[in-house]
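Asks: I am sharing run_21.txt, which consists of compact mmCIF, C-alpha atoms and all ligand atoms:
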```txt
# COMPACT_ATOMS: atom_id res chain seq x y z
CA MET D 1 54.98 69.47 -8.41
CA SER D 2 58.39 68.34 -9.54
CA GLU D 3 58.67 65.07 -11.41
CA THR D 4 60.39 62.18 -9.61
CA ARG D 5 63.84 61.48 -10.96
CA TYR D 6 64.86 57.84 -10.51
CA ASP D 7 68.39 56.54 -10.09
CA THR D 8 67.99 53.62 -12.49
CA ILE D 9 65.23 52.24 -14.66
CA ILE D 10 65.67 48.60 -15.70
CA SER D 11 63.35 47.01 -18.22
CA ALA D 12 63.25 43.36 -19.26
CA ARG D 13 61.06 41.02 -21.23
CA TRP D 14 60.08 39.11 -18.08
CA ILE D 15 59.93 39.98 -14.38
CA ILE D 16 59.40 37.09 -11.96
CA THR D 17 58.03 38.84 -8.87
CA VAL D 18 57.77 35.85 -6.46
CA GLU D 19 54.87 37.77 -4.89
CA GLN D 20 52.53 35.13 -6.34
CA ASP D 21 53.66 31.74 -7.66
CA ASN D 22 54.22 31.92 -11.42
CA GLU D 23 53.51 35.66 -11.54
CA VAL D 24 55.44 36.93 -14.56
CA LEU D 25 55.17 40.52 -15.78
CA GLU D 26 55.92 40.85 -19.48
CA ASN D 27 57.70 43.92 -20.83
CA TYR D 28 57.79 45.75 -17.55
CA ALA D 29 60.33 48.05 -15.92
CA LEU D 30 61.56 48.63 -12.39
CA ALA D 31 62.34 52.18 -11.30
CA ILE D 32 64.97 52.25 -8.56
CA LYS D 33 65.46 55.15 -6.19
CA ASP D 34 67.67 55.32 -3.08
CA GLY D 35 68.29 51.57 -3.25
CA ARG D 36 64.60 50.70 -3.32
CA ILE D 37 62.12 49.53 -5.92
CA ALA D 38 60.14 52.76 -6.26
CA ALA D 39 57.84 51.72 -9.11
CA ILE D 40 56.89 48.72 -11.23
CA ILE D 41 55.47 49.90 -14.53
CA PRO D 42 54.90 48.75 -18.12
CA ALA D 43 58.12 49.32 -20.10
CA ALA D 44 56.28 51.53 -22.60
CA GLN D 45 55.31 53.98 -19.82
CA ALA D 46 58.77 53.89 -18.27
CA ALA D 47 60.26 55.42 -21.41
CA SER D 48 58.94 58.86 -20.46
CA LEU D 49 60.20 58.81 -16.86
CA SER D 50 63.36 60.67 -16.01
CA CYS D 51 66.33 58.83 -14.54
CA ASP D 52 70.12 58.95 -14.26
CA LYS D 53 70.62 55.54 -15.87
CA ARG D 54 68.47 53.44 -18.14
CA LEU D 55 69.06 49.76 -18.84
CA ASP D 56 66.98 47.88 -21.37
CA LEU D 57 67.79 44.21 -20.94
CA GLY D 58 65.68 42.72 -23.72
CA ASN D 59 65.34 38.93 -23.47
CA HIS D 60 66.30 38.74 -19.82
CA VAL D 61 64.47 37.70 -16.70
CA LEU D 62 64.60 40.12 -13.79
CA MET D 63 63.97 38.49 -10.44
CA PRO D 64 64.83 38.81 -6.75
CA GLY D 65 68.43 37.99 -5.82
CA LEU D 66 69.08 34.45 -4.62
CA ILE D 67 69.55 33.91 -0.90
CA ASN D 68 72.14 31.32 0.07
CA LEU D 69 70.74 30.22 3.41
CA HIS D 70 73.68 28.08 4.53
CA GLY D 71 77.36 28.37 3.75
CA HIS D 72 80.93 28.42 5.04
CA SER D 73 82.43 30.88 2.59
CA ALA D 74 86.06 30.72 3.63
CA MET D 75 86.14 26.94 3.03
CA THR D 76 86.24 27.76 -0.70
CA LEU D 77 90.03 27.73 -0.24
CA LEU D 78 89.74 23.99 0.56
CA ARG D 79 87.60 23.24 -2.49
CA GLY D 80 88.45 19.89 -4.09
CA MET D 81 91.22 19.14 -1.61
CA ALA D 82 89.61 15.88 -0.48
CA ASP D 83 86.52 14.35 -2.05
CA ASP D 84 84.62 11.09 -2.07
CA LYS D 85 85.38 10.34 1.58
CA ALA D 86 83.18 9.34 4.48
CA LEU D 87 82.22 12.39 6.58
CA MET D 88 84.39 11.57 9.63
CA ASP D 89 87.42 10.56 7.49
CA TRP D 90 86.98 13.75 5.49
CA LEU D 91 86.81 15.91 8.64
CA ASN D 92 89.40 14.13 10.83
CA ASN D 93 92.06 13.41 8.22
CA HIS D 94 91.68 16.26 5.75
CA ILE D 95 89.57 19.27 6.64
CA TRP D 96 90.32 19.76 10.34
CA PRO D 97 94.12 19.33 9.97
CA ALA D 98 94.18 21.84 7.09
CA GLU D 99 91.99 24.26 9.03
CA GLY D 100 94.21 23.86 12.10
CA LYS D 101 97.26 24.81 10.06
CA HIS D 102 95.87 27.64 7.96
CA VAL D 103 92.65 29.20 9.20
CA ARG D 104 93.47 32.71 10.35
CA ASP D 105 92.17 36.17 9.66
CA ASP D 106 93.74 36.40 6.17
CA PHE D 107 92.49 32.94 5.16
CA VAL D 108 88.93 33.93 6.03
CA PHE D 109 89.15 37.32 4.32
CA ASP D 110 90.61 35.87 1.09
CA GLY D 111 88.43 32.74 1.08
CA SER D 112 85.25 34.68 1.79
CA ARG D 113 85.90 37.20 -0.98
CA LEU D 114 86.61 34.36 -3.42
CA ALA D 115 83.33 32.71 -2.37
CA MET D 116 81.44 35.97 -2.68
CA ALA D 117 82.81 36.64 -6.15
CA GLU D 118 81.59 33.20 -7.22
CA MET D 119 78.23 33.71 -5.54
CA ILE D 120 77.68 37.14 -7.10
CA ARG D 121 78.52 35.75 -10.55
CA GLY D 122 75.87 33.11 -9.90
CA GLY D 123 73.13 35.53 -8.87
CA THR D 124 73.39 35.30 -5.08
CA THR D 125 72.79 38.56 -3.23
CA THR D 126 72.60 37.33 0.39
CA ILE D 127 74.75 34.80 2.23
CA ASN D 128 73.95 33.27 5.61
CA ASP D 129 77.38 32.08 6.69
CA MET D 130 78.91 30.22 9.60
CA TYR D 131 82.65 30.18 10.28
CA PHE D 132 85.44 31.74 12.33
CA TYR D 133 87.25 35.11 12.31
CA HIS D 134 84.00 37.02 11.96
CA GLY D 135 85.62 40.41 11.55
CA ALA D 136 87.36 39.12 8.41
CA MET D 137 84.09 37.70 7.09
CA ALA D 138 82.28 40.98 7.77
CA ARG D 139 85.04 42.95 6.02
CA ALA D 140 84.76 40.62 3.03
CA GLY D 141 80.99 41.24 3.02
CA ILE D 142 81.52 45.00 2.99
CA ALA D 143 84.15 44.71 0.24
CA SER D 144 81.82 42.62 -1.93
CA GLY D 145 78.64 44.58 -1.26
CA MET D 146 76.67 41.40 -0.52
CA ARG D 147 74.07 41.21 2.23
CA THR D 148 76.03 39.15 4.73
CA PHE D 149 74.91 37.22 7.80
CA VAL D 150 78.03 36.39 9.77
CA GLY D 151 77.47 33.29 11.90
CA CYS D 152 79.64 33.14 15.00
CA SER D 153 80.55 29.46 15.27
CA ILE D 154 80.34 28.04 18.78
CA LEU D 155 81.89 24.69 19.73
CA GLU D 156 83.03 23.08 22.97
CA PHE D 157 86.48 22.13 21.65
CA PRO D 158 89.39 24.44 20.80
CA THR D 159 90.36 25.61 17.31
CA ASN D 160 92.73 28.33 16.15
CA TYR D 161 90.00 30.84 16.84
CA GLY D 162 88.79 29.95 20.33
CA ASN D 163 89.46 27.77 23.37
CA ASN D 164 85.96 26.79 24.47
CA ALA D 165 82.31 27.76 24.04
CA ASP D 166 82.51 30.83 26.27
CA ASP D 167 85.55 32.04 24.39
CA TYR D 168 83.82 31.66 21.01
CA ILE D 169 80.77 33.52 22.29
CA ARG D 170 82.84 36.33 23.77
CA LYS D 171 84.93 36.74 20.60
CA GLY D 172 81.85 36.69 18.37
CA MET D 173 80.07 39.32 20.43
CA ASP D 174 83.21 41.50 20.58
CA GLU D 175 83.64 41.38 16.80
CA ARG D 176 79.93 42.07 16.29
CA ARG D 177 80.19 45.39 18.13
CA ALA D 178 82.47 46.86 15.47
CA PHE D 179 79.91 46.25 12.71
CA LEU D 180 76.64 47.23 14.41
CA GLY D 181 76.23 50.32 12.21
CA GLU D 182 76.72 48.38 8.96
CA ASP D 183 73.41 48.13 7.17
CA LEU D 184 74.21 44.96 5.17
CA ILE D 185 76.11 43.08 7.89
CA THR D 186 74.24 41.06 10.53
CA PHE D 187 75.85 38.80 13.11
CA THR D 188 74.13 35.57 14.15
CA LEU D 189 74.89 33.00 16.83
CA ALA D 190 75.95 29.71 15.27
CA PRO D 191 76.23 26.83 17.72
CA HIS D 192 77.78 24.29 15.34
CA ALA D 193 75.55 21.22 15.93
CA PRO D 194 73.86 19.22 18.68
CA TYR D 195 76.81 16.79 18.75
CA THR D 196 79.44 19.51 19.28
CA VAL D 197 77.56 21.80 21.71
CA SER D 198 76.55 21.11 25.33
CA ASP D 199 73.19 21.75 27.00
CA ASP D 200 74.74 24.54 29.02
CA THR D 201 76.04 26.31 25.95
CA PHE D 202 72.73 25.96 24.08
CA ARG D 203 70.98 27.61 27.06
CA LYS D 204 73.45 30.49 27.01
CA VAL D 205 72.91 30.91 23.26
CA VAL D 206 69.12 31.10 23.69
CA THR D 207 69.41 33.72 26.44
CA LEU D 208 71.89 35.80 24.48
CA ALA D 209 69.84 35.58 21.27
CA GLU D 210 66.81 36.93 23.13
CA GLN D 211 68.76 39.67 24.89
CA GLU D 212 70.48 40.87 21.72
CA ASP D 213 67.69 40.00 19.27
CA MET D 214 69.88 37.67 17.18
CA LEU D 215 69.18 34.72 14.91
CA ILE D 216 70.54 31.25 15.69
CA HIS D 217 72.07 29.15 12.89
CA CYS D 218 72.82 25.49 13.60
CA HIS D 219 73.39 22.17 11.73
CA ILE D 220 70.55 19.87 12.85
CA HIS D 221 69.57 16.28 11.96
CA GLU D 222 72.10 16.15 9.13
CA THR D 223 72.94 12.44 9.27
CA ALA D 224 71.40 9.26 10.65
CA ASP D 225 74.54 8.87 12.80
CA GLU D 226 73.91 12.22 14.46
CA VAL D 227 70.41 11.15 15.48
CA ALA D 228 71.60 7.73 16.71
CA GLY D 229 74.46 9.34 18.63
CA SER D 230 72.08 11.69 20.41
CA VAL D 231 69.76 8.84 21.38
CA LYS D 232 72.77 7.03 22.85
CA GLU D 233 74.21 10.01 24.71
CA HIS D 234 71.13 12.05 25.64
CA HIS D 235 68.41 9.38 25.39
CA GLN D 236 66.51 11.57 22.98
CA ARG D 237 66.69 12.71 19.39
CA PRO D 238 68.35 16.11 18.76
CA MET D 239 65.08 17.96 18.01
CA ALA D 240 63.52 16.78 21.30
CA ARG D 241 66.63 17.86 23.17
CA LEU D 242 66.71 21.26 21.48
CA LYS D 243 63.04 21.78 22.25
CA GLN D 244 63.72 21.14 25.92
CA LEU D 245 66.58 23.63 25.83
CA GLY D 246 64.32 26.32 24.35
CA LEU D 247 66.12 26.48 21.03
CA LEU D 248 63.11 25.90 18.79
CA SER D 249 61.73 29.30 17.80
CA PRO D 250 61.43 31.61 14.79
CA ARG D 251 65.00 32.71 15.57
CA LEU D 252 66.34 29.30 14.59
CA ILE D 253 67.62 28.47 11.11
CA ALA D 254 68.18 24.72 11.09
CA ALA D 255 70.59 23.62 8.38
CA HIS D 256 69.96 20.24 6.74
CA MET D 257 67.07 18.63 8.70
CA VAL D 258 67.47 15.47 6.63
CA HIS D 259 66.43 12.78 9.08
CA LEU D 260 63.09 13.86 10.51
CA ASN D 261 60.02 11.91 11.52
CA ASP D 262 56.55 13.39 11.05
CA GLU D 263 56.43 14.55 14.66
CA GLU D 264 59.64 16.53 14.16
CA VAL D 265 58.30 18.15 10.99
CA GLU D 266 55.27 19.22 13.03
CA LEU D 267 57.52 20.44 15.86
CA ALA D 268 59.53 22.63 13.46
CA ALA D 269 56.32 24.10 12.02
CA ARG D 270 54.73 24.73 15.42
CA HIS D 271 57.76 26.59 16.73
CA GLY D 272 58.34 28.62 13.56
CA VAL D 273 61.77 27.08 12.91
CA SER D 274 63.18 27.76 9.42
CA VAL D 275 65.14 25.20 7.43
CA ALA D 276 68.14 25.59 5.13
CA HIS D 277 67.99 22.75 2.62
CA ASN D 278 71.35 21.80 1.05
CA PRO D 279 70.64 19.24 -1.67
CA ALA D 280 74.14 18.96 -3.23
CA SER D 281 75.92 18.63 0.11
CA ASN D 282 73.38 16.05 1.32
CA MET D 283 73.91 14.05 -1.87
CA LYS D 284 77.72 14.35 -1.95
CA LEU D 285 78.18 13.36 1.69
CA ALA D 286 75.46 10.71 1.28
CA SER D 287 73.51 12.20 4.19
CA GLY D 288 70.09 11.45 2.72
CA ILE D 289 67.09 13.29 1.27
CA ALA D 290 65.40 15.95 3.42
CA PRO D 291 61.58 15.76 3.60
CA VAL D 292 61.22 19.15 1.96
CA GLN D 293 57.74 18.47 0.64
CA LYS D 294 56.44 17.65 4.12
CA LEU D 295 58.16 20.65 5.69
CA LEU D 296 56.69 23.01 3.09
CA ALA D 297 53.23 21.48 3.47
CA ALA D 298 53.47 22.04 7.23
CA GLY D 299 54.20 25.72 6.60
CA VAL D 300 57.93 25.73 7.40
CA ALA D 301 60.02 28.37 5.60
CA VAL D 302 62.42 26.09 3.73
CA GLY D 303 65.19 28.02 1.99
CA ILE D 304 68.13 26.70 -0.01
CA GLY D 305 71.84 26.70 0.78
CA THR D 306 75.01 25.51 -0.88
CA ASP D 307 76.89 24.56 2.29
CA GLY D 308 80.67 25.09 2.02
CA ALA D 309 82.59 24.63 -1.24
CA ALA D 310 84.58 21.81 0.39
CA SER D 311 81.42 19.66 0.48
CA ASN D 312 79.53 20.69 -2.66
CA ASN D 313 81.91 21.88 -4.48
CA LYS D 314 80.10 24.80 -6.13
CA LEU D 315 78.50 27.86 -4.61
CA ASP D 316 75.93 27.79 -7.37
CA MET D 317 72.47 28.68 -6.12
CA MET D 318 70.88 28.16 -9.53
CA ALA D 319 72.20 24.59 -9.67
CA GLU D 320 71.12 24.10 -6.06
CA THR D 321 67.59 25.31 -6.83
CA ARG D 322 67.34 22.86 -9.72
CA LEU D 323 68.59 20.07 -7.45
CA ALA D 324 66.05 21.00 -4.77
CA ALA D 325 63.26 20.56 -7.32
CA LEU D 326 64.67 17.30 -8.70
CA LEU D 327 65.60 15.71 -5.38
CA ALA D 328 62.13 16.38 -3.95
CA LYS D 329 60.63 14.51 -6.88
CA VAL D 330 62.88 11.47 -6.68
CA GLY D 331 62.62 11.44 -2.89
CA THR D 332 58.83 11.23 -2.98
CA LEU D 333 58.44 9.49 -6.37
CA ASP D 334 56.09 12.37 -7.16
CA PRO D 335 56.89 14.54 -10.20
CA THR D 336 54.60 17.30 -8.88
CA ALA D 337 56.71 17.76 -5.71
CA VAL D 338 58.47 21.17 -5.50
CA PRO D 339 57.42 22.69 -8.83
CA ALA D 340 59.62 25.35 -10.41
CA ALA D 341 57.76 28.28 -8.83
CA THR D 342 58.14 26.70 -5.37
CA ALA D 343 61.86 26.14 -5.94
CA ILE D 344 62.28 29.82 -6.87
CA ARG D 345 60.32 30.88 -3.80
CA MET D 346 62.56 28.70 -1.64
CA ALA D 347 65.70 30.31 -3.09
CA THR D 348 64.38 33.84 -2.57
CA LEU D 349 61.43 34.74 -0.34
CA ASN D 350 61.67 31.71 1.97
CA GLY D 351 65.33 32.53 2.62
CA ALA D 352 64.31 36.10 3.40
CA ARG D 353 61.59 34.87 5.78
CA ALA D 354 64.12 32.66 7.57
CA LEU D 355 66.47 35.61 8.00
CA GLY D 356 63.69 37.93 9.17
CA ILE D 357 64.15 40.27 6.18
CA ALA D 358 61.10 39.34 4.07
CA ASP D 359 59.77 42.88 4.52
CA LYS D 360 62.93 44.14 2.74
CA VAL D 361 63.95 41.56 0.13
CA GLY D 362 62.99 38.20 -1.39
CA SER D 363 60.39 39.39 -3.88
CA ILE D 364 59.82 42.25 -6.29
CA LYS D 365 57.45 44.71 -4.70
CA GLU D 366 57.31 48.48 -4.49
CA GLY D 367 59.13 49.68 -1.38
CA LYS D 368 61.41 46.66 -1.07
CA ASP D 369 65.18 46.97 -1.44
CA ALA D 370 66.46 46.50 -4.98
CA ASP D 371 68.25 43.17 -4.43
CA LEU D 372 67.83 41.95 -8.00
CA ILE D 373 69.38 39.74 -10.63
CA ALA D 374 69.05 39.55 -14.40
CA ILE D 375 69.35 36.27 -16.28
CA ASP D 376 69.91 36.28 -20.04
CA LEU D 377 67.56 33.81 -21.70
CA SER D 378 68.66 34.66 -25.23
CA ALA D 379 71.26 31.87 -25.20
CA LEU D 380 70.92 28.85 -27.44
CA GLU D 381 70.68 26.69 -24.33
CA THR D 382 67.43 28.38 -23.30
CA ALA D 383 65.74 28.54 -26.71
CA PRO D 384 62.83 28.57 -27.12
CA ALA D 385 61.53 30.33 -24.03
CA PHE D 386 57.95 29.31 -23.28
CA ASP D 387 58.06 29.86 -19.55
CA PRO D 388 60.78 31.86 -17.78
CA VAL D 389 59.93 30.29 -14.39
CA SER D 390 60.64 26.83 -15.79
CA HIS D 391 63.80 28.03 -17.55
CA VAL D 392 65.30 29.68 -14.48
CA VAL D 393 65.02 26.40 -12.54
CA TYR D 394 65.48 23.70 -15.15
CA ALA D 395 67.37 25.07 -18.16
CA ALA D 396 69.40 28.21 -17.39
CA GLY D 397 72.82 28.12 -15.75
CA ARG D 398 74.65 30.61 -13.57
CA GLU D 399 76.77 31.66 -16.58
CA GLN D 400 73.59 33.33 -17.88
CA VAL D 401 73.39 35.69 -14.88
CA SER D 402 74.31 39.04 -16.41
CA HIS D 403 73.61 41.61 -13.67
CA VAL D 404 73.35 41.62 -9.89
CA TRP D 405 72.27 44.48 -7.64
CA VAL D 406 72.14 44.74 -3.88
CA LYS D 407 70.17 47.70 -2.55
CA GLY D 408 70.29 49.20 -6.01
CA LYS D 409 74.07 48.99 -6.27
CA ALA D 410 75.43 46.92 -9.17
CA LEU D 411 77.80 44.16 -8.01
CA LEU D 412 77.85 42.50 -11.44
CA ALA D 413 77.31 44.28 -14.76
CA GLU D 414 77.44 42.42 -18.09
CA ARG D 415 79.05 39.55 -16.13
CA ARG D 416 81.84 41.78 -14.82
CA LEU D 417 82.37 42.05 -11.09
CA THR D 418 82.28 45.69 -10.03
CA THR D 419 83.33 45.42 -6.38
CA LEU D 420 85.80 42.52 -6.38
CA ASP D 421 88.82 41.89 -8.58
CA GLU D 422 88.57 38.60 -10.43
CA GLN D 423 92.29 38.35 -11.31
CA GLU D 424 93.41 39.18 -7.79
CA LEU D 425 91.11 36.56 -6.29
CA LYS D 426 92.26 33.86 -8.70
CA ALA D 427 95.90 34.64 -7.87
CA SER D 428 95.14 34.61 -4.16
CA GLY D 429 93.41 31.21 -4.48
CA GLU D 430 96.47 29.81 -6.24
CA SER D 431 98.82 31.19 -3.61
CA TRP D 432 96.71 29.61 -0.82
CA ARG D 433 96.84 26.29 -2.69
CA ASN D 434 100.65 26.45 -2.65
CA ARG D 435 100.70 27.31 1.05
CA ILE D 436 98.31 24.47 1.87
CA LEU D 437 100.33 21.95 -0.15
CA ALA D 438 103.68 23.06 1.34
CA LYS D 439 104.60 20.84 4.27
ZN ZN E 501 77.34 23.37 6.92
```
Render the structure in this file as structure tokens.
Replies:
Amino acid sequence: MSETRYDTIISARWIITVEQDNEVLENYALAIKDGRIAAIIPAAQAASLSCDKRLDLGNHVLMPGLINLHGHSAMTLLRGMADDKALMDWLNNHIWPAEGKHVRDDFVFDGSRLAMAEMIRGGTTTINDMYFYHGAMARAGIASGMRTFVGCSILEFPTNYGNNADDYIRKGMDERRAFLGEDLITFTLAPHAPYTVSDDTFRKVVTLAEQEDMLIHCHIHETADEVAGSVKEHHQRPMARLKQLGLLSPRLIAAHMVHLNDEEVELAARHGVSVAHNPASNMKLASGIAPVQKLLAAGVAVGIGTDGAASNNKLDMMAETRLAALLAKVGTLDPTAVPAATAIRMATLNGARALGIADKVGSIKEGKDADLIAIDLSALETAPAFDPVSHVVYAAGREQVSHVWVKGKALLAERRLTTLDEQELKASGESWRNRILAK
């Protein structure tokens, strides 16, 4: 019998598996073969195994890659352009005019790659996105090597990209066809929000999602105004309306879900709806505090997202995970709400559950894809290290992410991007700034 030869063997002082809360393997190694985690073994035993590449990371944590469950990558090019505004002022007077002038294929390709470079450097391996020019987003995903969910935005009103809901749907489905063979690229249907999408369109989305076996990604119950507006226009709250339209199902990833009553928490749980919690965006736009604790207790898969860089303004999943833990505590006045292990689970396995890929990623388990990150805890800022689970959430920063792999392929090594060009992306960001500022 010939001995198995592995592609890479990575050993580290700590491995956070996320299989069980607070499960930490000390001085273990992961053997990677054909993009998968082939074996999890004590580091001492791994020394005798044969492999093409061996990486001993010392005082690092190895853990599953972070899953950004809600974003608008291309909006990174509008980062910091207008802040500290009310939502409708921000949209009507700043964001939408700039998007109207500039959002095209090249804007989305450049902005998405810039976002992905930032996300990779911060330990994110999967992005669930929602924007326009999906072909450009998918090409950016392929260029970066990230696991990319391309959300086809659907609205009733025209933008540069489409004229009406049917046009958005048709364009999204056309662009999807070109990427069906791409393993790491998945298209989703993304009706923007209950206040921008009609009953008719929601029904079409549900039918199409079932026919084509697609996920649905939608902003829901983000602000108190949205809920009040729906009561005025439809005589019911958005969740009740969406239930009637057949939208509530395990296919649905509901972004935000800030203003929910107990009945709506129960409704989400009963229908298997997943939630993308965006603490920084909810704080910055003063939307409110999502009842994360209640949703989790009801069994809802609550993942974490950054939202777009224009409303955050960082695509920093480690910061977002820390905020999710802190905001849950201040929101409930309960310091035991969302402990560190739960926050890590939200940022990894819950995101994978929401995206229907928990059998492939989200935790460290033999047979799963090697979507992994390494975080260096040898820094002064994380000394001493009693508990790596606590440190990852409360003390470490994204600048301590040293390595990132997706399906066994390194996207970041010793903090250097391997698939994207940092200098080129910085120059491109600067050139877009000049174009946006030019009248
Ligand atoms: Zn959003």
Asks: Between atom CA of D:Ala82 and atom CA of D:Ser428, what is the distance in Å, rounded to a tenth?
Replies: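 Taking atom CA of D:Ala82 as the start and atom CA of D:Ser428 as the end point, the length is 19.9 Å.
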Asks: Can you pull out every residue within 6 Å of stretch 252-258 of chain D, counting only C-alpha atoms, but drop anything in the same chain fewer than 4 positions away, and send it as a ChimeraX atom specification?
Replies: /D:216-222,273-277,289-290
Asks: Throw together the list of residues within 9 Å of ligand ZN 501 (chain E), counting all atoms listed in the file, and drop it here as a list in words.
Replies: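 So, counting all atoms listed in the file, the residues near ligand ZN 501 (chain E) are His70, Gly71, His72, Asp129, Met130, His192, Cys218, His219, Ala255, His256, Asn278, Ser281, Gly305, Thr306, Asp307, Gly308 and Ser311 of chain D.
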Asks: List as a VMD selection string: which residues have an atom within 12 Å of (64.0, 24.9, 22.1), counting only C-alpha atoms?
Replies: chain D and resid 194 199 202 to 203 205 to 207 216 238 to 252 254 267 to 268 270 to 273
Asks: Give me a file of those residues, with C-alpha atoms, as an mmCIF file, in the coordinates of the input.
Replies:
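So out-v8.cif came out as:
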```cif
data_model
loop_
_atom_site.group_PDB
_atom_site.id
_atom_site.type_symbol
_atom_site.label_atom_id
_atom_site.label_comp_id
_atom_site.auth_asym_id
_atom_site.auth_seq_id
_atom_site.Cartn_x
_atom_site.Cartn_y
_atom_site.Cartn_z
ATOM 1 C CA PRO D 194 73.860 19.220 18.680
ATOM 2 C CA ASP D 199 73.190 21.750 27.000
ATOM 3 C CA PHE D 202 72.730 25.960 24.080
ATOM 4 C CA ARG D 203 70.980 27.610 27.060
ATOM 5 C CA VAL D 205 72.910 30.910 23.260
ATOM 6 C CA VAL D 206 69.120 31.100 23.690
ATOM 7 C CA THR D 207 69.410 33.720 26.440
ATOM 8 C CA ILE D 216 70.540 31.250 15.690
ATOM 9 C CA PRO D 238 68.350 16.110 18.760
ATOM 10 C CA MET D 239 65.080 17.960 18.010
ATOM 11 C CA ALA D 240 63.520 16.780 21.300
ATOM 12 C CA ARG D 241 66.630 17.860 23.170
ATOM 13 C CA LEU D 242 66.710 21.260 21.480
ATOM 14 C CA LYS D 243 63.040 21.780 22.250
ATOM 15 C CA GLN D 244 63.720 21.140 25.920
ATOM 16 C CA LEU D 245 66.580 23.630 25.830
ATOM 17 C CA GLY D 246 64.320 26.320 24.350
ATOM 18 C CA LEU D 247 66.120 26.480 21.030
ATOM 19 C CA LEU D 248 63.110 25.900 18.790
ATOM 20 C CA SER D 249 61.730 29.300 17.800
ATOM 21 C CA PRO D 250 61.430 31.610 14.790
ATOM 22 C CA ARG D 251 65.000 32.710 15.570
ATOM 23 C CA LEU D 252 66.340 29.300 14.590
ATOM 24 C CA ALA D 254 68.180 24.720 11.090
ATOM 25 C CA LEU D 267 57.520 20.440 15.860
ATOM 26 C CA ALA D 268 59.530 22.630 13.460
ATOM 27 C CA ARG D 270 54.730 24.730 15.420
ATOM 28 C CA HIS D 271 57.760 26.590 16.730
ATOM 29 C CA GLY D 272 58.340 28.620 13.560
ATOM 30 C CA VAL D 273 61.770 27.080 12.910
#
```
Asks: Enter the distance from atom CA of D:Phe109 to atom CA of D:Ala427, in Å, rounded to one decimal.
Replies: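 These two atoms are separated by 14.2 Å.
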Asks: Skip D:Gly58 itself and residues of its chain fewer than 6 positions away, then list as a ChimeraX atom specification all residues within 12 Å of it, counting only C-alpha atoms.
Replies: /D:10-15,26-29,43,374-378,402
Asks: D:Glu156, D:Glu424, D:Glu210, D:Asp387: which is nearest D:Val197, counting all atoms listed in the file?
Replies: D:Glu156
Asks: To one decimal place, how far is atom CA of D:His134 from atom CA of D:Asp183 in Å?
Replies: 16.1 Å
Asks: Compare D:Leu425, D:Ala340, D:Leu411, D:Ala370 by their minimum atom-to-atom distance to D:Tyr394, counting only C-alpha atoms, and give me the closest one.
Replies: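 For D:Tyr394, the nearest of the given residues is D:Ala340.
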Asks: Residues proximal to (63.7, 48.1, -1.9) were defined as those with any atom within 10 Å of that point in the file's coordinates, counting only C-alpha atoms. Which are they, as a PyMOL selection string?
Replies: chain D and resi 32-39+359-372+406-408
Asks: Given all atoms listed in the file as the basis, pick out the residue of D:Arg322, D:Arg176, D:Lys284, D:His235 nearest to D:Ala309.
Replies: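 Looking only at the distances to D:Ala309, the closest residue turns out to be D:Lys284.
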Asks: Quick one: of D:Ser198, D:Asn22, D:Asn434, D:Thr4, who's nearest to D:Thr342, counting all atoms listed in the file?
Replies: D:Asn22
Asks: Which residue, D:Leu295, D:Leu49, D:Leu155, D:Ala138, has the smallest gap to D:Glu182 when you use all atoms listed in the file?
Replies: D:Ala138
Asks: So that I can check the surroundings of D:Phe132, please list as a short mmCIF file (atom, residue, chain, number, x, y, z; two decimals) with C-alpha atoms, in the coordinates of the input every protein, DNA and RNA residue that reaches within 7 Å of it, counting all atoms listed in the file and ignoring chain neighbours fewer than 2 positions away.
Replies:
```cif
data_model
loop_
_atom_site.label_atom_id
_atom_site.label_comp_id
_atom_site.auth_asym_id
_atom_site.auth_seq_id
_atom_site.Cartn_x
_atom_site.Cartn_y
_atom_site.Cartn_z
CA HIS D 134 84.00 37.02 11.96
CA CYS D 152 79.64 33.14 15.00
CA SER D 153 80.55 29.46 15.27
CA TYR D 161 90.00 30.84 16.84
#
```
Asks: For D:Met75, which of D:Asn313, D:Thr332, D:Ser431, D:Thr382 is the closest residue, counting all atoms listed in the file?
Replies: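 Checking each candidate against D:Met75, we get D:Asn313 as the closest.
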Asks: Fewer than 2 positions away in the same chain doesn't count, so skip those; otherwise give me all residues within 10 Å of D:Leu184, counting only C-alpha atoms, as a PDB file with C-alpha atoms, in the coordinates of the input.
Replies:
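Once everything was written out, this is around_19.pdb:
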```pdb
ATOM      1  CA  THR D 126      72.600  37.330   0.390  1.00  0.00           C
ATOM      2  CA  ALA D 138      82.280  40.980   7.770  1.00  0.00           C
ATOM      3  CA  GLY D 141      80.990  41.240   3.020  1.00  0.00           C
ATOM      4  CA  ILE D 142      81.520  45.000   2.990  1.00  0.00           C
ATOM      5  CA  GLY D 145      78.640  44.580  -1.260  1.00  0.00           C
ATOM      6  CA  MET D 146      76.670  41.400  -0.520  1.00  0.00           C
ATOM      7  CA  ARG D 147      74.070  41.210   2.230  1.00  0.00           C
ATOM      8  CA  THR D 148      76.030  39.150   4.730  1.00  0.00           C
ATOM      9  CA  PHE D 149      74.910  37.220   7.800  1.00  0.00           C
ATOM     10  CA  PHE D 179      79.910  46.250  12.710  1.00  0.00           C
ATOM     11  CA  LEU D 180      76.640  47.230  14.410  1.00  0.00           C
ATOM     12  CA  GLY D 181      76.230  50.320  12.210  1.00  0.00           C
ATOM     13  CA  GLU D 182      76.720  48.380   8.960  1.00  0.00           C
ATOM     14  CA  THR D 186      74.240  41.060  10.530  1.00  0.00           C
ATOM     15  CA  VAL D 406      72.140  44.740  -3.880  1.00  0.00           C
ATOM     16  CA  LYS D 407      70.170  47.700  -2.550  1.00  0.00           C
TER      17      LYS D 407
END
```
